[in-house]
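The file final_29.txt contains compact mmCIF, C-alpha atoms:
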# COMPACT_ATOMS: atom_id res chain seq x y z
CA MET U 8 160.62 94.34 109.58
CA CYS U 9 163.40 96.61 108.29
CA GLU U 10 163.07 100.30 109.20
CA PHE U 11 164.70 101.32 105.89
CA ASP U 12 163.31 101.17 102.36
CA LEU U 13 165.24 100.82 99.10
CA GLU U 14 165.05 104.07 97.14
CA ILE U 15 166.31 103.09 93.70
CA LEU U 16 167.79 105.96 91.66
CA PHE U 17 168.91 103.93 88.64
CA GLU U 18 168.84 100.30 87.54
CA ASP U 19 169.76 98.39 84.40
CA ASP U 20 171.22 94.96 83.64
CA ASN U 21 174.65 95.90 85.02
CA LEU U 22 174.27 98.58 87.70
CA ILE U 23 171.93 99.59 90.49
CA ALA U 24 172.13 102.91 92.34
CA ILE U 25 170.47 103.55 95.69
CA ASN U 26 169.80 106.68 97.76
CA LYS U 27 171.18 105.34 101.06
CA PRO U 28 169.58 106.82 104.18
CA SER U 29 171.69 108.09 107.05
CA GLY U 30 172.16 105.41 109.71
CA LEU U 31 172.06 102.42 107.35
CA LEU U 32 175.18 100.24 107.19
CA VAL U 33 176.45 99.36 103.72
CA HIS U 34 177.83 96.01 104.91
CA PRO U 35 177.47 93.93 108.08
CA SER U 36 179.83 95.22 110.77
CA TRP U 37 181.52 93.49 113.68
CA ILE U 38 180.67 96.50 115.89
CA ALA U 39 176.91 96.16 115.23
CA PRO U 40 174.55 93.33 116.23
CA ARG U 41 174.12 90.66 113.55
CA SER U 42 170.47 91.63 113.12
CA THR U 43 171.36 95.24 112.20
CA PRO U 44 169.99 96.10 108.71
CA ASN U 45 172.57 96.61 105.98
CA LEU U 46 172.28 97.66 102.36
CA THR U 47 174.07 94.68 100.77
CA SER U 48 171.69 92.23 102.46
CA MET U 49 168.68 94.29 101.38
CA LEU U 50 169.95 94.35 97.80
CA LYS U 51 170.67 90.63 97.84
CA GLU U 52 167.04 90.01 98.75
CA TYR U 53 165.75 92.51 96.16
CA LEU U 54 167.97 91.19 93.35
CA GLN U 55 167.73 87.54 94.38
CA GLY U 56 171.46 87.51 93.81
CA THR U 57 174.72 89.20 94.74
CA ALA U 58 175.28 92.96 94.73
CA TYR U 59 178.96 93.67 94.05
CA THR U 60 180.57 96.48 96.02
CA ILE U 61 182.08 99.35 94.02
CA HIS U 62 182.54 102.11 96.61
CA ARG U 63 181.39 102.89 100.14
CA LEU U 64 179.55 105.46 102.21
CA ASP U 65 179.97 105.79 105.96
CA ARG U 66 176.98 104.68 108.03
CA PRO U 67 175.96 108.27 108.99
CA THR U 68 176.38 109.59 105.42
CA SER U 69 173.37 109.50 103.11
CA GLY U 70 173.09 109.65 99.34
CA VAL U 71 174.08 108.01 96.05
CA ILE U 72 175.81 104.65 96.19
CA VAL U 73 176.28 102.32 93.19
CA PHE U 74 176.61 98.52 93.07
CA GLY U 75 177.44 96.16 90.25
CA LYS U 76 175.05 93.37 89.31
CA ASN U 77 177.95 91.26 88.04
CA LYS U 78 181.63 90.93 88.88
CA GLU U 79 182.90 92.24 85.52
CA THR U 80 180.95 95.51 85.73
CA ALA U 81 182.01 96.01 89.34
CA GLN U 82 185.66 95.53 88.40
CA ARG U 83 185.38 98.09 85.60
CA MET U 84 183.73 100.57 87.96
CA ASN U 85 186.36 99.92 90.65
CA HIS U 86 189.01 100.79 88.07
CA MET U 87 187.16 104.00 87.12
CA PHE U 88 187.02 105.08 90.76
CA ALA U 89 190.72 104.27 91.21
CA GLU U 90 191.60 106.29 88.09
CA ARG U 91 189.45 109.20 89.31
CA GLU U 92 187.10 108.98 86.34
CA VAL U 93 184.04 109.30 88.58
CA GLN U 94 182.97 112.81 89.62
CA LYS U 95 181.57 112.89 93.18
CA THR U 96 179.56 115.74 94.69
CA TYR U 97 178.61 116.06 98.34
CA LEU U 98 176.54 118.54 100.33
CA CYS U 99 177.37 119.34 103.94
CA MET U 100 176.72 121.84 106.72
CA THR U 101 179.71 123.19 108.59
CA ARG U 102 180.37 125.24 111.69
CA GLY U 103 181.25 128.86 110.93
CA TYR U 104 181.39 130.81 107.67
CA THR U 105 183.75 129.04 105.30
CA PRO U 106 185.65 130.90 102.56
CA GLU U 107 183.65 131.22 99.33
CA GLY U 108 185.63 128.36 97.84
CA ASP U 109 189.01 126.70 97.81
CA ILE U 110 190.94 123.50 97.21
CA ILE U 111 192.08 121.57 100.28
CA ASP U 112 195.26 119.67 99.43
CA TYR U 113 196.11 117.98 102.69
CA PRO U 114 197.47 114.40 102.87
CA LEU U 115 195.68 112.10 105.32
CA LYS U 116 197.06 109.23 107.30
CA GLU U 117 195.15 106.01 106.64
CA LYS U 118 192.54 105.29 109.30
CA LEU U 119 193.09 101.72 110.51
CA ASP U 120 190.54 99.56 112.27
CA LYS U 121 191.89 98.00 115.48
CA LEU U 122 190.61 94.53 114.58
CA ALA U 123 190.08 94.44 110.81
CA ASP U 124 193.43 96.14 110.09
CA LYS U 125 195.49 94.80 112.99
CA MET U 126 198.09 93.34 110.57
CA ALA U 127 198.44 96.59 108.61
CA ASN U 128 201.48 98.84 108.97
CA PRO U 129 200.53 101.74 111.29
CA ASP U 130 203.53 103.79 110.14
CA LYS U 131 202.52 104.18 106.50
CA PRO U 132 203.07 107.75 105.28
CA PRO U 133 200.00 109.99 104.75
CA GLN U 134 198.20 109.53 101.42
CA ASP U 135 197.50 112.40 99.06
CA ALA U 136 193.99 113.80 99.56
CA VAL U 137 192.37 116.66 97.64
CA SER U 138 188.91 118.21 98.08
CA GLU U 139 187.45 121.16 96.16
CA TYR U 140 184.64 123.07 97.83
CA ARG U 141 182.39 126.11 97.39
CA ARG U 142 180.08 127.81 99.85
CA LEU U 143 176.43 127.86 98.80
CA GLY U 144 174.85 129.69 101.72
CA THR U 145 175.26 130.92 105.30
CA VAL U 146 173.03 131.36 108.33
CA GLU U 147 173.37 132.99 111.75
CA LEU U 148 171.21 131.44 114.47
CA PRO U 149 170.29 133.07 117.81
CA ILE U 150 171.62 130.05 119.68
CA PRO U 151 174.40 130.56 122.24
CA VAL U 152 177.13 127.95 121.89
CA GLY U 153 180.11 128.14 124.21
CA LYS U 154 181.12 131.77 124.79
CA TYR U 155 179.31 133.10 121.70
CA PRO U 156 175.71 134.48 121.81
CA VAL U 157 174.98 133.38 118.23
CA ALA U 158 176.08 130.49 116.04
CA ARG U 159 177.11 130.70 112.38
CA TYR U 160 176.98 127.93 109.80
CA SER U 161 177.62 127.33 106.10
CA LEU U 162 176.03 125.14 103.45
CA VAL U 163 178.92 123.76 101.41
CA GLU U 164 179.27 121.71 98.22
CA VAL U 165 182.36 119.49 98.16
CA LYS U 166 183.87 117.60 95.24
CA PRO U 167 186.50 115.18 96.57
CA LYS U 168 189.18 114.36 94.01
CA THR U 169 190.46 111.41 96.04
CA GLY U 170 188.65 108.82 98.14
CA ARG U 171 190.26 108.63 101.57
CA LYS U 172 188.37 107.41 104.63
CA HIS U 173 186.35 110.25 106.22
CA GLN U 174 188.09 112.61 103.77
CA ILE U 175 185.50 115.40 103.71
CA ARG U 176 184.96 115.22 107.46
CA ARG U 177 188.69 115.38 108.17
CA HIS U 178 189.42 118.03 105.54
CA MET U 179 186.70 120.38 106.79
CA LYS U 180 187.94 119.92 110.35
CA HIS U 181 191.46 120.71 109.10
CA ILE U 182 190.28 124.16 107.92
CA SER U 183 188.43 124.68 111.25
CA HIS U 184 184.94 124.17 109.79
CA PRO U 185 183.87 120.74 111.06
CA LEU U 186 180.61 119.17 109.94
CA VAL U 187 177.46 119.50 112.01
CA GLY U 188 176.50 116.14 113.50
CA ASP U 189 179.98 114.64 113.15
CA THR U 190 180.60 112.73 116.37
CA LYS U 191 184.16 111.73 115.41
CA HIS U 192 185.64 114.85 113.86
CA GLY U 193 183.10 117.54 114.75
CA ASP U 194 182.31 119.94 117.58
CA GLY U 195 180.25 118.30 120.33
CA ARG U 196 178.80 121.62 121.54
CA HIS U 197 177.26 122.38 118.14
CA ASN U 198 176.05 118.79 117.72
CA LYS U 199 174.31 119.09 121.09
CA ALA U 200 172.73 122.41 120.08
CA PHE U 201 171.23 120.82 116.96
CA ARG U 202 169.88 117.89 118.93
CA GLU U 203 168.24 120.22 121.46
CA HIS U 204 166.92 122.92 119.12
CA PHE U 205 166.16 120.96 115.93
CA ASP U 206 165.83 117.35 117.13
CA LEU U 207 168.61 116.50 114.67
CA ASP U 208 170.77 113.50 115.49
CA ARG U 209 172.57 112.75 112.25
CA LEU U 210 175.64 113.77 110.29
CA LEU U 211 174.87 116.54 107.80
CA LEU U 212 176.82 115.02 104.93
CA MET U 213 174.99 113.88 101.80
CA ALA U 214 176.37 112.31 98.62
CA THR U 215 174.16 114.20 96.18
CA GLU U 216 175.63 113.31 92.78
CA LEU U 217 177.78 110.79 90.92
CA SER U 218 178.75 111.32 87.29
CA PHE U 219 180.58 108.75 85.15
CA ARG U 220 180.62 106.93 81.82
CA HIS U 221 178.57 103.73 81.89
CA PRO U 222 181.14 100.89 81.92
CA GLU U 223 179.23 99.01 79.20
CA SER U 224 177.61 101.61 76.93
CA GLY U 225 179.96 104.55 77.49
CA GLU U 226 176.93 106.80 78.02
CA LEU U 227 177.44 109.65 80.49
CA LEU U 228 175.37 108.98 83.60
CA THR U 229 174.63 111.63 86.22
CA LEU U 230 172.88 110.14 89.23
CA LYS U 231 171.38 112.56 91.76
CA ALA U 232 170.04 111.88 95.23
CA PRO U 233 167.64 114.32 96.91
CA VAL U 234 168.10 115.20 100.56
CA ASP U 235 165.55 113.63 102.91
CA SER U 236 162.51 115.47 104.25
CA GLN U 237 164.09 116.21 107.64
CA VAL U 238 167.14 117.85 106.08
CA ASP U 239 164.99 119.69 103.53
CA LYS U 240 162.80 121.10 106.31
CA LEU U 241 165.86 122.19 108.30
CA PHE U 242 167.62 123.81 105.34
CA SER U 243 164.41 125.56 104.28
CA GLN U 244 164.27 127.16 107.73
CA PHE U 245 167.75 128.54 107.07
CA GLY U 246 166.69 130.09 103.74
CA TRP U 247 168.62 127.57 101.63
CA SER U 248 165.76 126.28 99.47
CA GLY U 249 166.80 125.89 95.83
CA LEU U 250 170.48 125.37 96.67
CA TYR U 251 170.30 121.55 96.85
CA PRO U 252 168.40 118.65 95.21
CA VAL U 253 164.99 117.70 96.68
Mind turning this structure into structure tokens?
Amino acid sequence: MCEFDLEILFEDDNLIAINKPSGLLVHPSWIAPRSTPNLTSMLKEYLQGTAYTIHRLDRPTSGVIVFGKNKETAQRMNHMFAEREVQKTYLCMTRGYTPEGDIIDYPLKEKLDKLADKMANPDKPPQDAVSEYRRLGTVELPIPVGKYPVARYSLVEVKPKTGRKHQIRRHMKHISHPLVGDTKHGDGRHNKAFREHFDLDRLLLMATELSFRHPESGELLTLKAPVDSQVDKLFSQFGWSGLYPV
């Protein structure tokens, strides 16, 4: 029995949008056992047919993800993503107090997989990458981390203008405010503190909103994904209720 359920945010004859939980793979992966649950297989069973990939979310990231029910719709949506006609909004928690808001314009070198991308050119120049963010809230916790007696954090909304791999995680690290729970680009001491004090063992990065014109009708769609109960409970403790979708 699968430990994950399908939380459907939107469905019509052409598209289906899911609120993906943290920890669920979007596709089968060579680094995970074959029996590991993945969203495309779950959708295939639900739809009794193919779900066509449009965009991706990392395994530890939760939130809105959209699939096409047919190849033509998926191709139109792929084009809209490529032309930056889809507005993406994410919520994250970072180490430290970030500035109130800014635009991070910092090119990123393409992240290549050792096996899947072994034929790719490792010397490709960095790709343009732009993220706009604003700070929604801050909290100071009486938890000693490293040499400091207290720990400070920010709740941040990010709107990436490009779609590079791990873009938000890498951009926030670039400005010295890595994401809590990020085991690749984050701060292990703070991740450990959250595991010990809050029993939290996930990346605090949530895709909360996608906005775009429906590829068939042209209607403006705004799809929102609420944070899960664990994150809501944590953020409520920090006084952040009302600053994010539930």
- In Å, with one decimal, what is the gap from atom CA of Tyr104 of chain U to atom CA of Asp206 of chain U? 22.6 Å
- Task: Kindly extract all protein, DNA and RNA residues lying within 9 Å of the coordinates (178.5, 117.5, 110.8) given in the file, considering all atoms listed in the file, and supply them as a VMD selection string.
- Result: chain U and resid 99 to 102 176 185 to 190 192 to 194 197 to 198 209 to 212
- Task: Could you jot down the atom CA of Phe74 of chain U to atom CA of His178 of chain U separation for me, Å, one decimal place?
- Result: 26.5 Å
- Query: Between U:Asp239, U:Glu52, U:Glu216, U:Glu203, which is the closest to Val73 of chain U once you count only C-alpha atoms?
  - Reply: U:Glu216
- Do a neighbour search on segment 240-243 of chain U at 12 Å with only C-alpha atoms, toss out local chain neighbours closer than 6 positions, and write the hits as a count of residues only. 23
- Query: Between atom CA of Leu217 of chain U and atom CA of Ala89 of chain U, what is the spacing in Å?
  - Reply: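 Atom CA of Leu217 of chain U lies at a distance of 14.5 Å from atom CA of Ala89 of chain U.
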Counting only C-alpha atoms, what is within 9 Å of segment 56-69 of chain U, bar same-chain residues fewer than 2 positions away, as a PDB file with C-alpha atoms, in the coordinates of the input?
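Generated file (selection-v2.pdb):
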ATOM      1  CA  ILE U  23     171.930  99.590  90.490  1.00  0.00           C
ATOM      2  CA  ASN U  26     169.800 106.680  97.760  1.00  0.00           C
ATOM      3  CA  LYS U  27     171.180 105.340 101.060  1.00  0.00           C
ATOM      4  CA  PRO U  28     169.580 106.820 104.180  1.00  0.00           C
ATOM      5  CA  SER U  29     171.690 108.090 107.050  1.00  0.00           C
ATOM      6  CA  GLY U  30     172.160 105.410 109.710  1.00  0.00           C
ATOM      7  CA  LEU U  31     172.060 102.420 107.350  1.00  0.00           C
ATOM      8  CA  LEU U  32     175.180 100.240 107.190  1.00  0.00           C
ATOM      9  CA  VAL U  33     176.450  99.360 103.720  1.00  0.00           C
ATOM     10  CA  THR U  47     174.070  94.680 100.770  1.00  0.00           C
ATOM     11  CA  SER U  48     171.690  92.230 102.460  1.00  0.00           C
ATOM     12  CA  LEU U  50     169.950  94.350  97.800  1.00  0.00           C
ATOM     13  CA  LYS U  51     170.670  90.630  97.840  1.00  0.00           C
ATOM     14  CA  GLU U  52     167.040  90.010  98.750  1.00  0.00           C
ATOM     15  CA  TYR U  53     165.750  92.510  96.160  1.00  0.00           C
ATOM     16  CA  LEU U  54     167.970  91.190  93.350  1.00  0.00           C
ATOM     17  CA  VAL U  71     174.080 108.010  96.050  1.00  0.00           C
ATOM     18  CA  ILE U  72     175.810 104.650  96.190  1.00  0.00           C
ATOM     19  CA  VAL U  73     176.280 102.320  93.190  1.00  0.00           C
ATOM     20  CA  PHE U  74     176.610  98.520  93.070  1.00  0.00           C
ATOM     21  CA  GLY U  75     177.440  96.160  90.250  1.00  0.00           C
ATOM     22  CA  LYS U  76     175.050  93.370  89.310  1.00  0.00           C
ATOM     23  CA  ASN U  77     177.950  91.260  88.040  1.00  0.00           C
ATOM     24  CA  LYS U  78     181.630  90.930  88.880  1.00  0.00           C
ATOM     25  CA  THR U  80     180.950  95.510  85.730  1.00  0.00           C
ATOM     26  CA  ALA U  81     182.010  96.010  89.340  1.00  0.00           C
ATOM     27  CA  GLN U  82     185.660  95.530  88.400  1.00  0.00           C
ATOM     28  CA  MET U  84     183.730 100.570  87.960  1.00  0.00           C
ATOM     29  CA  ASN U  85     186.360  99.920  90.650  1.00  0.00           C
ATOM     30  CA  PHE U  88     187.020 105.080  90.760  1.00  0.00           C
ATOM     31  CA  LYS U 172     188.370 107.410 104.630  1.00  0.00           C
ATOM     32  CA  HIS U 173     186.350 110.250 106.220  1.00  0.00           C
ATOM     33  CA  ASP U 189     179.980 114.640 113.150  1.00  0.00           C
ATOM     34  CA  ARG U 209     172.570 112.750 112.250  1.00  0.00           C
ATOM     35  CA  LEU U 210     175.640 113.770 110.290  1.00  0.00           C
ATOM     36  CA  LEU U 211     174.870 116.540 107.800  1.00  0.00           C
ATOM     37  CA  LEU U 212     176.820 115.020 104.930  1.00  0.00           C
ATOM     38  CA  MET U 213     174.990 113.880 101.800  1.00  0.00           C
ATOM     39  CA  ALA U 214     176.370 112.310  98.620  1.00  0.00           C
ATOM     40  CA  THR U 215     174.160 114.200  96.180  1.00  0.00           C
ATOM     41  CA  ALA U 232     170.040 111.880  95.230  1.00  0.00           C
ATOM     42  CA  VAL U 234     168.100 115.200 100.560  1.00  0.00           C
ATOM     43  CA  ASP U 235     165.550 113.630 102.910  1.00  0.00           C
TER      44      ASP U 235
END
- With all atoms listed in the file as the atoms that count, which of U:Gly170, U:Pro132, U:Lys154, U:Glu147 lies nearest to Gln244 of chain U?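 When distances to Gln244 of chain U are compared using all atoms listed in the file, the smallest one comes from U:Glu147.
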- Message: Which residues are close to Lys116 of chain U, i.e. within 8 Å by all atoms listed in the file, leaving aside same-chain residues fewer than 5 positions away? Reply as a ChimeraX atom specification.
- Response: /U:131-134
- Message: Measuring between only C-alpha atoms, which one of U:Gln237, U:Ile38, U:Thr105, U:Thr229 shows the shortest distance to Phe17 of chain U?
- Response: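 Of all the options, U:Thr229 lies closest to Phe17 of chain U.
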- Query: Hey, which of U:Ile150, U:Ala158, U:Glu90, U:Val137 ends up closest to Pro114 of chain U? Count all atoms listed in the file.
  - Reply: U:Val137
Residue neighbourhood Glu107 of chain U, 9 Å, all atoms listed in the file, exclusion window fewer than 5 positions, as a CSV table (one decimal) with C-alpha atoms, in the frame of the given file:
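After the write, part-v3.csv holds the following:
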chain,number,residue,atom,x,y,z
U,140,TYR,CA,184.6,123.1,97.8
U,141,ARG,CA,182.4,126.1,97.4
U,142,ARG,CA,180.1,127.8,99.8
U,143,LEU,CA,176.4,127.9,98.8
- Task: Show me as JSON, numbers by chain the residues that reach within 12 Å of (186.9, 106.0, 84.2), counting all atoms listed in the file and using the file's own coordinates.
- Result: {"U": [82, 83, 84, 85, 86, 87, 88, 89, 90, 91, 92, 93, 94, 218, 219, 220, 221, 222, 223, 225, 226, 227, 228]}
Since the input lacks some atoms of segment 187-204 of chain U, please model N, CA and C atoms and print them as an mmCIF file, keeping the file's coordinate frame.
data_model
loop_
_atom_site.group_PDB
_atom_site.id
_atom_site.type_symbol
_atom_site.label_atom_id
_atom_site.label_comp_id
_atom_site.auth_asym_id
_atom_site.auth_seq_id
_atom_site.Cartn_x
_atom_site.Cartn_y
_atom_site.Cartn_z
ATOM 1 N N VAL U 187 178.488 119.617 110.979
ATOM 2 C CA VAL U 187 177.460 119.500 112.010
ATOM 3 C C VAL U 187 177.006 118.037 112.087
ATOM 4 N N GLY U 188 176.933 117.513 113.297
ATOM 5 C CA GLY U 188 176.500 116.140 113.500
ATOM 6 C C GLY U 188 177.610 115.118 113.430
ATOM 7 N N ASP U 189 178.846 115.567 113.231
ATOM 8 C CA ASP U 189 179.980 114.640 113.150
ATOM 9 C C ASP U 189 180.474 114.321 114.551
ATOM 10 N N THR U 190 180.226 113.094 115.001
ATOM 11 C CA THR U 190 180.600 112.730 116.370
ATOM 12 C C THR U 190 182.063 112.325 116.487
ATOM 13 N N LYS U 191 182.748 112.122 115.361
ATOM 14 C CA LYS U 191 184.160 111.730 115.410
ATOM 15 C C LYS U 191 185.106 112.906 115.167
ATOM 16 N N HIS U 192 184.732 113.767 114.247
ATOM 17 C CA HIS U 192 185.640 114.850 113.860
ATOM 18 C C HIS U 192 185.019 116.235 114.061
ATOM 19 N N GLY U 193 183.821 116.276 114.638
ATOM 20 C CA GLY U 193 183.100 117.540 114.750
ATOM 21 C C GLY U 193 183.231 118.215 116.098
ATOM 22 N N ASP U 194 182.333 119.150 116.348
ATOM 23 C CA ASP U 194 182.310 119.940 117.580
ATOM 24 C C ASP U 194 181.086 119.510 118.394
ATOM 25 N N GLY U 195 181.326 118.853 119.523
ATOM 26 C CA GLY U 195 180.250 118.300 120.330
ATOM 27 C C GLY U 195 179.249 119.340 120.814
ATOM 28 N N ARG U 196 179.705 120.570 121.056
ATOM 29 C CA ARG U 196 178.800 121.620 121.540
ATOM 30 C C ARG U 196 177.759 121.975 120.480
ATOM 31 N N HIS U 197 178.187 122.047 119.231
ATOM 32 C CA HIS U 197 177.260 122.380 118.140
ATOM 33 C C HIS U 197 176.353 121.182 117.834
ATOM 34 N N ASN U 198 176.890 119.973 117.920
ATOM 35 C CA ASN U 198 176.050 118.790 117.720
ATOM 36 C C ASN U 198 174.939 118.752 118.767
ATOM 37 N N LYS U 199 175.293 119.065 120.006
ATOM 38 C CA LYS U 199 174.310 119.090 121.090
ATOM 39 C C LYS U 199 173.250 120.158 120.837
ATOM 40 N N ALA U 200 173.675 121.327 120.370
ATOM 41 C CA ALA U 200 172.730 122.410 120.080
ATOM 42 C C ALA U 200 171.713 121.982 119.025
ATOM 43 N N PHE U 201 172.152 121.257 118.011
ATOM 44 C CA PHE U 201 171.230 120.820 116.960
ATOM 45 C C PHE U 201 170.299 119.719 117.451
ATOM 46 N N ARG U 202 170.777 118.888 118.344
ATOM 47 C CA ARG U 202 169.880 117.890 118.930
ATOM 48 C C ARG U 202 168.789 118.565 119.761
ATOM 49 N N GLU U 203 169.185 119.571 120.548
ATOM 50 C CA GLU U 203 168.240 120.220 121.460
ATOM 51 C C GLU U 203 167.275 121.154 120.754
ATOM 52 N N HIS U 204 167.751 121.900 119.763
ATOM 53 C CA HIS U 204 166.920 122.920 119.120
ATOM 54 C C HIS U 204 166.194 122.426 117.869
#
